[in-house]
Amino acid sequence: MPAISFQKVSKTYRGGQVRALDGVSFDIAQGEFFGLLGPNGAGKTSLISILAGLAQASGGSVKVMGHDVVTDYAAARQALGIVPQELVFDPFFSVREALKIQSGYFGVRNNEAWIDELLENLGLADKAHANMRQLSGGMKRRVLVAQALVHRPPVIVLDEPTAGVDVELRQTLWQFIARLNREGHTVLLTTHYLEEAEALCGRLAMLKLGRIVALDRTSDLLKGRASTMLRFKTDAALPASLQEQARITGRIVQIKAHDAAEVEAVLATLRAAQCPIEDLEIGRADLEDVFLEIMQQEGSAA
């Protein structure tokens, strides 16, 4: 039995004029750390909202631990813990009170030991009696994570959990979530930080315009499309023959080369154009390179 199952899920808005999801189907096995990636408007939020019961699919079905999110919604939600993108909190309670109330929503009693463990592992122990209004944005984000985990759900959904937060929280969060995953919890992560997805996720799905455009093990996606990447800095304009194949971010230029001959050809073109470069690196493509390549190919196909 999959931890999460999406079967031919579709979602339309405005009387069918806008199609956010177009027959999305894939399963996430129990114990997986799974990444869901895509550009803005790809359909990730619609899919997570349907999974959480915040929106209803126009077609298809979604199950959590075998429970349909519509016909067996109570059991599906009991099995699910979701960390939303938005900072949603009740301003009238302390951190500990908010977690005790959240436990009560799920009928969990005598949960103090687990609440203490959550507070300690998420760096909230010294804020346990602070009012939620007094917390920084990063601390509120930690409380949202604790609330999602307080009823010990077997399936954890993290929707952009580290957006706009500091490095310390990222490290604390990922250490704790990785531990829960090792203990058997299933994790579904959506993120725009592709280095996080590459480091954490064993398998990935990529969405574009409401459709799955890639679905594979992270290592196989990287191996299947990986190539040599030249990375360097320059203040000069690139030769016209290199501009189409280059990805430029400020002074940093990245150019794909499939083998040693192509590497030498790129360097020869730069020398001939008297284009000064510095900090030259030759390495393998990472998940960001693979993601951009897949999105560009799908855009051309469309």
# chains A, B, ... in the order shown; residues from 1 in each chain; ligands from 1
>>> residues_around(residues="A:Gln30", least_positions_apart="5", cutoff="12 Å", atoms="only C-alpha atoms", output="MDAnalysis selection string")
chainID A and resid 1:5 64:66 79 154:156 181:188
>>> write_last_selection(atoms="C-alpha atoms", output="compact mmCIF listing (two decimals), in the first residue's frame")
# COMPACT_ATOMS: atom_id res chain seq x y z
CA MET A 1 0.00 0.00 0.00
CA PRO A 2 1.48 3.39 -0.98
CA ALA A 3 1.77 6.14 1.61
CA ILE A 4 0.30 8.60 -0.94
CA SER A 5 -1.44 7.74 -4.20
CA VAL A 64 -3.24 8.65 2.13
CA MET A 65 -2.24 5.30 3.65
CA GLY A 66 -5.10 3.73 1.69
CA ALA A 79 -2.39 10.05 8.84
CA PRO A 154 3.07 8.55 9.32
CA VAL A 155 3.05 10.95 6.33
CA ILE A 156 4.65 14.43 6.51
CA ASN A 181 12.35 9.56 7.77
CA ARG A 182 14.93 7.02 8.97
CA GLU A 183 12.41 5.95 11.61
CA GLY A 184 9.87 5.16 8.88
CA HIS A 185 7.92 8.38 8.28
CA THR A 186 7.13 9.21 4.65
CA VAL A 187 8.11 12.75 3.62
CA LEU A 188 6.80 14.74 0.65
>>> closest_atom_pairs(of="stretch 19-59 of chain A", to="stretch 169-180 of chain A", cutoff="12 Å", atoms="only C-alpha atoms", output="Markdown table")
| residue | atom | partner | partner_atom | distance |
| --- | --- | --- | --- | --- |
| A:Gly31 | CA | A:Leu180 | CA | 9.5 |
| A:Glu32 | CA | A:Ala178 | CA | 10.7 |
| A:Phe33 | CA | A:Ala178 | CA | 8.6 |
| A:Phe34 | CA | A:Ala178 | CA | 11.9 |
>>> atom_distance(atom1="atom CA of A:Arg251", atom2="atom CA of A:Glu195")
20.8 Å
>>> closest_residue(among="A:Ala98, A:Thr228, A:Ile28, A:Gly107", to="A:Asp286", atoms="only C-alpha atoms")
A:Thr228
>>> residues_around(residues="A:Thr190", least_positions_apart="4", cutoff="7 Å", atoms="only C-alpha atoms", output="JSON, numbers by chain")
{"A": [35, 36, 37, 158, 159, 160]}
>>> write_last_selection(atoms="N, CA and C atoms", output="PDB file, in the first residue's frame")
ATOM      1  N   GLY A  35      10.470  14.249  -3.489  1.00  0.00           N
ATOM      2  CA  GLY A  35      10.443  15.663  -3.835  1.00  0.00           C
ATOM      3  C   GLY A  35       9.483  15.958  -4.970  1.00  0.00           C
ATOM      4  N   LEU A  36       8.699  17.030  -4.825  1.00  0.00           N
ATOM      5  CA  LEU A  36       7.789  17.497  -5.872  1.00  0.00           C
ATOM      6  C   LEU A  36       8.262  18.883  -6.301  1.00  0.00           C
ATOM      7  N   LEU A  37       8.762  18.975  -7.531  1.00  0.00           N
ATOM      8  CA  LEU A  37       9.379  20.208  -8.015  1.00  0.00           C
ATOM      9  C   LEU A  37       8.608  20.766  -9.203  1.00  0.00           C
ATOM     10  N   LEU A 158       5.831  18.767   3.517  1.00  0.00           N
ATOM     11  CA  LEU A 158       6.529  20.025   3.767  1.00  0.00           C
ATOM     12  C   LEU A 158       6.423  20.884   2.514  1.00  0.00           C
ATOM     13  N   ASP A 159       5.597  21.922   2.589  1.00  0.00           N
ATOM     14  CA  ASP A 159       5.349  22.781   1.431  1.00  0.00           C
ATOM     15  C   ASP A 159       6.202  24.047   1.573  1.00  0.00           C
ATOM     16  N   GLU A 160       7.333  24.077   0.894  1.00  0.00           N
ATOM     17  CA  GLU A 160       8.278  25.202   0.971  1.00  0.00           C
ATOM     18  C   GLU A 160       8.610  25.532   2.433  1.00  0.00           C
TER      19      GLU A 160
END
>>> residues_around(residues="stretch 237-248 of chain A", least_positions_apart="4", cutoff="9 Å", atoms="only C-alpha atoms", output="PyMOL selection string")
chain A and resi 252-256+266+269-270+273+275
>>> closest_residue(among="A:Met206, A:Leu122, A:Leu135, A:Val143", to="A:Glu97", atoms="only C-alpha atoms")
A:Val143
>>> closest_residue(among="A:Gln17, A:Ser46, A:Asn121, A:Gln147", to="A:Asp90", atoms="only C-alpha atoms")
A:Gln147
>>> select_by_dssp(residues="stretch 147-187 of chain A", states="strand (DSSP E or B)", output="list in words")
Val155, Ile156, Val157, Leu158, Asp159, Thr186 and Val187 of chain A
>>> write_last_selection(atoms="C-alpha atoms", output="mmCIF file, in the first residue's frame")
data_model
loop_
_atom_site.group_PDB
_atom_site.id
_atom_site.type_symbol
_atom_site.label_atom_id
_atom_site.label_comp_id
_atom_site.auth_asym_id
_atom_site.auth_seq_id
_atom_site.Cartn_x
_atom_site.Cartn_y
_atom_site.Cartn_z
ATOM 1 C CA VAL A 155 3.052 10.949 6.330
ATOM 2 C CA ILE A 156 4.647 14.429 6.510
ATOM 3 C CA VAL A 157 4.133 17.070 3.801
ATOM 4 C CA LEU A 158 6.529 20.025 3.767
ATOM 5 C CA ASP A 159 5.349 22.781 1.431
ATOM 6 C CA THR A 186 7.132 9.212 4.655
ATOM 7 C CA VAL A 187 8.108 12.747 3.617
#
>>> select_by_dssp(residues="stretch 88-234 of chain A", states="alpha helix (DSSP H)", output="PyMOL selection string")
chain A and resi 95-105+112-121+137-149+167-182+194-200+218-225
>>> closest_residue(among="A:Ile115, A:Glu198, A:Ile48, A:Ile282", to="A:Ile101", atoms="only C-alpha atoms")
A:Ile115
>>> residues_around(residues="A:Glu112", least_positions_apart="2", cutoff="12 Å", atoms="only C-alpha atoms", output="ChimeraX atom specification")
/A:96-97,99-101,103-104,108-110,114-119,128,150-151
>>> write_last_selection(atoms="N, CA and C atoms", output="PDB file, in the first residue's frame")
ATOM      1  N   ARG A  96       3.542  26.203  23.700  1.00  0.00           N
ATOM      2  CA  ARG A  96       3.131  24.914  24.282  1.00  0.00           C
ATOM      3  C   ARG A  96       1.613  24.742  24.226  1.00  0.00           C
ATOM      4  N   GLU A  97       0.879  25.803  24.517  1.00  0.00           N
ATOM      5  CA  GLU A  97      -0.588  25.716  24.459  1.00  0.00           C
ATOM      6  C   GLU A  97      -1.065  25.398  23.047  1.00  0.00           C
ATOM      7  N   LEU A  99       0.488  23.699  20.793  1.00  0.00           N
ATOM      8  CA  LEU A  99       0.769  22.296  20.494  1.00  0.00           C
ATOM      9  C   LEU A  99      -0.189  21.365  21.237  1.00  0.00           C
ATOM     10  N   LYS A 100      -0.555  21.723  22.473  1.00  0.00           N
ATOM     11  CA  LYS A 100      -1.519  20.906  23.221  1.00  0.00           C
ATOM     12  C   LYS A 100      -2.895  20.948  22.561  1.00  0.00           C
ATOM     13  N   ILE A 101      -3.284  22.133  22.071  1.00  0.00           N
ATOM     14  CA  ILE A 101      -4.569  22.260  21.380  1.00  0.00           C
ATOM     15  C   ILE A 101      -4.563  21.452  20.088  1.00  0.00           C
ATOM     16  N   SER A 103      -2.819  18.802  19.499  1.00  0.00           N
ATOM     17  CA  SER A 103      -2.944  17.391  19.890  1.00  0.00           C
ATOM     18  C   SER A 103      -4.404  17.033  20.102  1.00  0.00           C
ATOM     19  N   GLY A 104      -5.133  17.962  20.756  1.00  0.00           N
ATOM     20  CA  GLY A 104      -6.543  17.702  21.030  1.00  0.00           C
ATOM     21  C   GLY A 104      -7.376  17.578  19.778  1.00  0.00           C
ATOM     22  N   VAL A 108      -5.368  13.187  20.632  1.00  0.00           N
ATOM     23  CA  VAL A 108      -4.164  12.630  21.258  1.00  0.00           C
ATOM     24  C   VAL A 108      -4.054  13.170  22.681  1.00  0.00           C
ATOM     25  N   ARG A 109      -4.059  12.277  23.674  1.00  0.00           N
ATOM     26  CA  ARG A 109      -3.961  12.676  25.080  1.00  0.00           C
ATOM     27  C   ARG A 109      -2.588  12.332  25.630  1.00  0.00           C
ATOM     28  N   ASN A 110      -2.248  12.932  26.761  1.00  0.00           N
ATOM     29  CA  ASN A 110      -0.987  12.642  27.467  1.00  0.00           C
ATOM     30  C   ASN A 110       0.204  12.705  26.508  1.00  0.00           C
ATOM     31  N   TRP A 114       6.149  13.922  24.026  1.00  0.00           N
ATOM     32  CA  TRP A 114       6.434  14.156  22.599  1.00  0.00           C
ATOM     33  C   TRP A 114       6.500  15.654  22.302  1.00  0.00           C
ATOM     34  N   ILE A 115       5.655  16.440  22.941  1.00  0.00           N
ATOM     35  CA  ILE A 115       5.717  17.894  22.768  1.00  0.00           C
ATOM     36  C   ILE A 115       7.070  18.418  23.231  1.00  0.00           C
ATOM     37  N   ASP A 116       7.551  17.925  24.381  1.00  0.00           N
ATOM     38  CA  ASP A 116       8.871  18.338  24.871  1.00  0.00           C
ATOM     39  C   ASP A 116       9.968  17.980  23.870  1.00  0.00           C
ATOM     40  N   GLU A 117       9.855  16.786  23.264  1.00  0.00           N
ATOM     41  CA  GLU A 117      10.860  16.358  22.293  1.00  0.00           C
ATOM     42  C   GLU A 117      10.835  17.245  21.048  1.00  0.00           C
ATOM     43  N   LEU A 118       9.628  17.593  20.600  1.00  0.00           N
ATOM     44  CA  LEU A 118       9.506  18.489  19.454  1.00  0.00           C
ATOM     45  C   LEU A 118      10.121  19.855  19.765  1.00  0.00           C
ATOM     46  N   LEU A 119       9.803  20.404  20.918  1.00  0.00           N
ATOM     47  CA  LEU A 119      10.340  21.711  21.307  1.00  0.00           C
ATOM     48  C   LEU A 119      11.859  21.682  21.352  1.00  0.00           C
ATOM     49  N   ALA A 128       8.844  28.008  24.821  1.00  0.00           N
ATOM     50  CA  ALA A 128       7.645  27.207  25.067  1.00  0.00           C
ATOM     51  C   ALA A 128       6.506  28.029  25.654  1.00  0.00           C
ATOM     52  N   VAL A 150       2.799  16.971  15.753  1.00  0.00           N
ATOM     53  CA  VAL A 150       2.428  16.722  17.145  1.00  0.00           C
ATOM     54  C   VAL A 150       1.591  15.463  17.319  1.00  0.00           C
ATOM     55  N   HIS A 151       0.847  15.034  16.293  1.00  0.00           N
ATOM     56  CA  HIS A 151       0.046  13.810  16.415  1.00  0.00           C
ATOM     57  C   HIS A 151       0.757  12.600  15.814  1.00  0.00           C
TER      58      HIS A 151
END
>>> residues_around(residues="A:Gly41", least_positions_apart="5", cutoff="8 Å", atoms="only C-alpha atoms", output="list in words")
Ala20, Lys208 and Leu209 of chain A
>>> decode(residues="stretch 97-229 of chain A", atoms="C-alpha atoms", output="mmCIF file, in the first residue's frame")
data_model
loop_
_atom_site.group_PDB
_atom_site.id
_atom_site.type_symbol
_atom_site.label_atom_id
_atom_site.label_comp_id
_atom_site.auth_asym_id
_atom_site.auth_seq_id
_atom_site.Cartn_x
_atom_site.Cartn_y
_atom_site.Cartn_z
ATOM 1 C CA GLU A 97 -0.588 25.716 24.459
ATOM 2 C CA ALA A 98 -0.815 25.752 20.655
ATOM 3 C CA LEU A 99 0.769 22.296 20.494
ATOM 4 C CA LYS A 100 -1.519 20.906 23.221
ATOM 5 C CA ILE A 101 -4.569 22.260 21.380
ATOM 6 C CA GLN A 102 -3.318 20.746 18.115
ATOM 7 C CA SER A 103 -2.944 17.391 19.890
ATOM 8 C CA GLY A 104 -6.543 17.702 21.030
ATOM 9 C CA TYR A 105 -7.760 18.234 17.465
ATOM 10 C CA PHE A 106 -6.513 14.730 16.687
ATOM 11 C CA GLY A 107 -7.707 13.171 19.953
ATOM 12 C CA VAL A 108 -4.164 12.630 21.258
ATOM 13 C CA ARG A 109 -3.961 12.676 25.080
ATOM 14 C CA ASN A 110 -0.987 12.642 27.467
ATOM 15 C CA ASN A 111 1.275 13.995 24.750
ATOM 16 C CA GLU A 112 3.607 16.087 26.933
ATOM 17 C CA ALA A 113 6.704 13.931 26.401
ATOM 18 C CA TRP A 114 6.434 14.156 22.599
ATOM 19 C CA ILE A 115 5.717 17.894 22.768
ATOM 20 C CA ASP A 116 8.871 18.338 24.871
ATOM 21 C CA GLU A 117 10.860 16.358 22.293
ATOM 22 C CA LEU A 118 9.506 18.489 19.454
ATOM 23 C CA LEU A 119 10.340 21.711 21.307
ATOM 24 C CA GLU A 120 13.874 20.508 21.999
ATOM 25 C CA ASN A 121 14.622 19.198 18.510
ATOM 26 C CA LEU A 122 13.228 22.279 16.772
ATOM 27 C CA GLY A 123 15.037 24.761 19.013
ATOM 28 C CA LEU A 124 11.832 25.971 20.674
ATOM 29 C CA ALA A 125 12.410 24.844 24.266
ATOM 30 C CA ASP A 126 13.217 28.352 25.505
ATOM 31 C CA LYS A 127 10.138 29.734 23.696
ATOM 32 C CA ALA A 128 7.645 27.207 25.067
ATOM 33 C CA HIS A 129 5.775 29.777 27.161
ATOM 34 C CA ALA A 130 6.140 32.701 24.739
ATOM 35 C CA ASN A 131 3.033 34.025 23.024
ATOM 36 C CA MET A 132 2.965 33.259 19.315
ATOM 37 C CA ARG A 133 2.775 36.992 18.514
ATOM 38 C CA GLN A 134 6.172 37.508 20.150
ATOM 39 C CA LEU A 135 8.012 35.092 17.857
ATOM 40 C CA SER A 136 10.092 35.950 14.805
ATOM 41 C CA GLY A 137 9.077 34.606 11.409
ATOM 42 C CA GLY A 138 11.641 31.811 11.650
ATOM 43 C CA MET A 139 10.399 30.768 15.090
ATOM 44 C CA LYS A 140 6.785 30.758 13.871
ATOM 45 C CA ARG A 141 7.906 28.490 11.032
ATOM 46 C CA ARG A 142 9.367 26.086 13.603
ATOM 47 C CA VAL A 143 6.059 26.043 15.476
ATOM 48 C CA LEU A 144 4.217 25.167 12.245
ATOM 49 C CA VAL A 145 6.545 22.187 11.838
ATOM 50 C CA ALA A 146 5.901 21.117 15.434
ATOM 51 C CA GLN A 147 2.130 21.439 14.941
ATOM 52 C CA ALA A 148 2.286 19.238 11.842
ATOM 53 C CA LEU A 149 4.176 16.555 13.774
ATOM 54 C CA VAL A 150 2.428 16.722 17.145
ATOM 55 C CA HIS A 151 0.046 13.810 16.415
ATOM 56 C CA ARG A 152 2.907 11.647 15.049
ATOM 57 C CA PRO A 153 1.538 11.276 11.504
ATOM 58 C CA PRO A 154 3.072 8.548 9.319
ATOM 59 C CA VAL A 155 3.052 10.949 6.330
ATOM 60 C CA ILE A 156 4.647 14.429 6.510
ATOM 61 C CA VAL A 157 4.133 17.070 3.801
ATOM 62 C CA LEU A 158 6.529 20.025 3.767
ATOM 63 C CA ASP A 159 5.349 22.781 1.431
ATOM 64 C CA GLU A 160 8.278 25.202 0.971
ATOM 65 C CA PRO A 161 9.259 24.782 4.652
ATOM 66 C CA THR A 162 12.512 26.782 4.459
ATOM 67 C CA ALA A 163 11.313 29.697 2.315
ATOM 68 C CA GLY A 164 12.799 32.877 3.747
ATOM 69 C CA VAL A 165 14.300 31.286 6.860
ATOM 70 C CA ASP A 166 17.847 31.326 8.204
ATOM 71 C CA VAL A 167 20.546 28.719 7.767
ATOM 72 C CA GLU A 168 20.290 27.554 11.386
ATOM 73 C CA LEU A 169 16.621 26.640 11.019
ATOM 74 C CA ARG A 170 17.285 24.805 7.773
ATOM 75 C CA GLN A 171 19.957 22.660 9.399
ATOM 76 C CA THR A 172 17.850 22.020 12.514
ATOM 77 C CA LEU A 173 14.777 21.163 10.471
ATOM 78 C CA TRP A 174 16.513 18.826 8.040
ATOM 79 C CA GLN A 175 18.361 16.949 10.788
ATOM 80 C CA PHE A 176 15.085 16.281 12.580
ATOM 81 C CA ILE A 177 13.066 15.424 9.464
ATOM 82 C CA ALA A 178 15.827 13.115 8.205
ATOM 83 C CA ARG A 179 15.720 11.334 11.548
ATOM 84 C CA LEU A 180 11.936 10.887 11.309
ATOM 85 C CA ASN A 181 12.353 9.563 7.774
ATOM 86 C CA ARG A 182 14.928 7.023 8.975
ATOM 87 C CA GLU A 183 12.408 5.951 11.614
ATOM 88 C CA GLY A 184 9.869 5.164 8.884
ATOM 89 C CA HIS A 185 7.922 8.377 8.279
ATOM 90 C CA THR A 186 7.132 9.212 4.655
ATOM 91 C CA VAL A 187 8.108 12.747 3.617
ATOM 92 C CA LEU A 188 6.798 14.736 0.647
ATOM 93 C CA LEU A 189 8.761 17.943 0.053
ATOM 94 C CA THR A 190 8.066 20.833 -2.288
ATOM 95 C CA THR A 191 10.872 23.375 -2.542
ATOM 96 C CA HIS A 192 12.496 25.893 -4.837
ATOM 97 C CA TYR A 193 15.869 25.204 -3.168
ATOM 98 C CA LEU A 194 16.976 22.452 -5.515
ATOM 99 C CA GLU A 195 20.170 21.736 -3.570
ATOM 100 C CA GLU A 196 17.898 20.630 -0.687
ATOM 101 C CA ALA A 197 15.922 18.327 -2.964
ATOM 102 C CA GLU A 198 19.101 16.844 -4.421
ATOM 103 C CA ALA A 199 20.565 16.173 -0.964
ATOM 104 C CA LEU A 200 17.422 14.821 0.698
ATOM 105 C CA CYS A 201 15.062 13.222 -1.819
ATOM 106 C CA GLY A 202 15.503 9.672 -3.041
ATOM 107 C CA ARG A 203 12.953 10.184 -5.813
ATOM 108 C CA LEU A 204 11.563 13.229 -7.597
ATOM 109 C CA ALA A 205 8.587 14.265 -9.696
ATOM 110 C CA MET A 206 8.701 17.421 -11.799
ATOM 111 C CA LEU A 207 5.493 19.244 -12.728
ATOM 112 C CA LYS A 208 4.950 21.728 -15.513
ATOM 113 C CA LEU A 209 1.602 23.205 -16.559
ATOM 114 C CA GLY A 210 -0.233 20.618 -14.465
ATOM 115 C CA ARG A 211 1.490 17.564 -15.968
ATOM 116 C CA ILE A 212 4.279 15.270 -14.790
ATOM 117 C CA VAL A 213 7.278 15.850 -17.065
ATOM 118 C CA ALA A 214 9.833 13.782 -15.123
ATOM 119 C CA LEU A 215 9.522 11.052 -12.480
ATOM 120 C CA ASP A 216 12.553 9.043 -11.391
ATOM 121 C CA ARG A 217 15.133 8.399 -8.729
ATOM 122 C CA THR A 218 17.196 11.517 -8.083
ATOM 123 C CA SER A 219 20.432 9.697 -8.898
ATOM 124 C CA ASP A 220 19.024 8.405 -12.200
ATOM 125 C CA LEU A 221 17.792 11.863 -13.219
ATOM 126 C CA LEU A 222 21.269 13.224 -12.609
ATOM 127 C CA LYS A 223 23.007 10.325 -14.378
ATOM 128 C CA GLY A 224 20.636 10.320 -17.328
ATOM 129 C CA ARG A 225 21.121 13.990 -18.125
ATOM 130 C CA ALA A 226 24.334 14.896 -16.361
ATOM 131 C CA SER A 227 27.079 16.420 -18.407
ATOM 132 C CA THR A 228 30.223 18.420 -17.844
ATOM 133 C CA MET A 229 29.622 22.030 -16.830
#
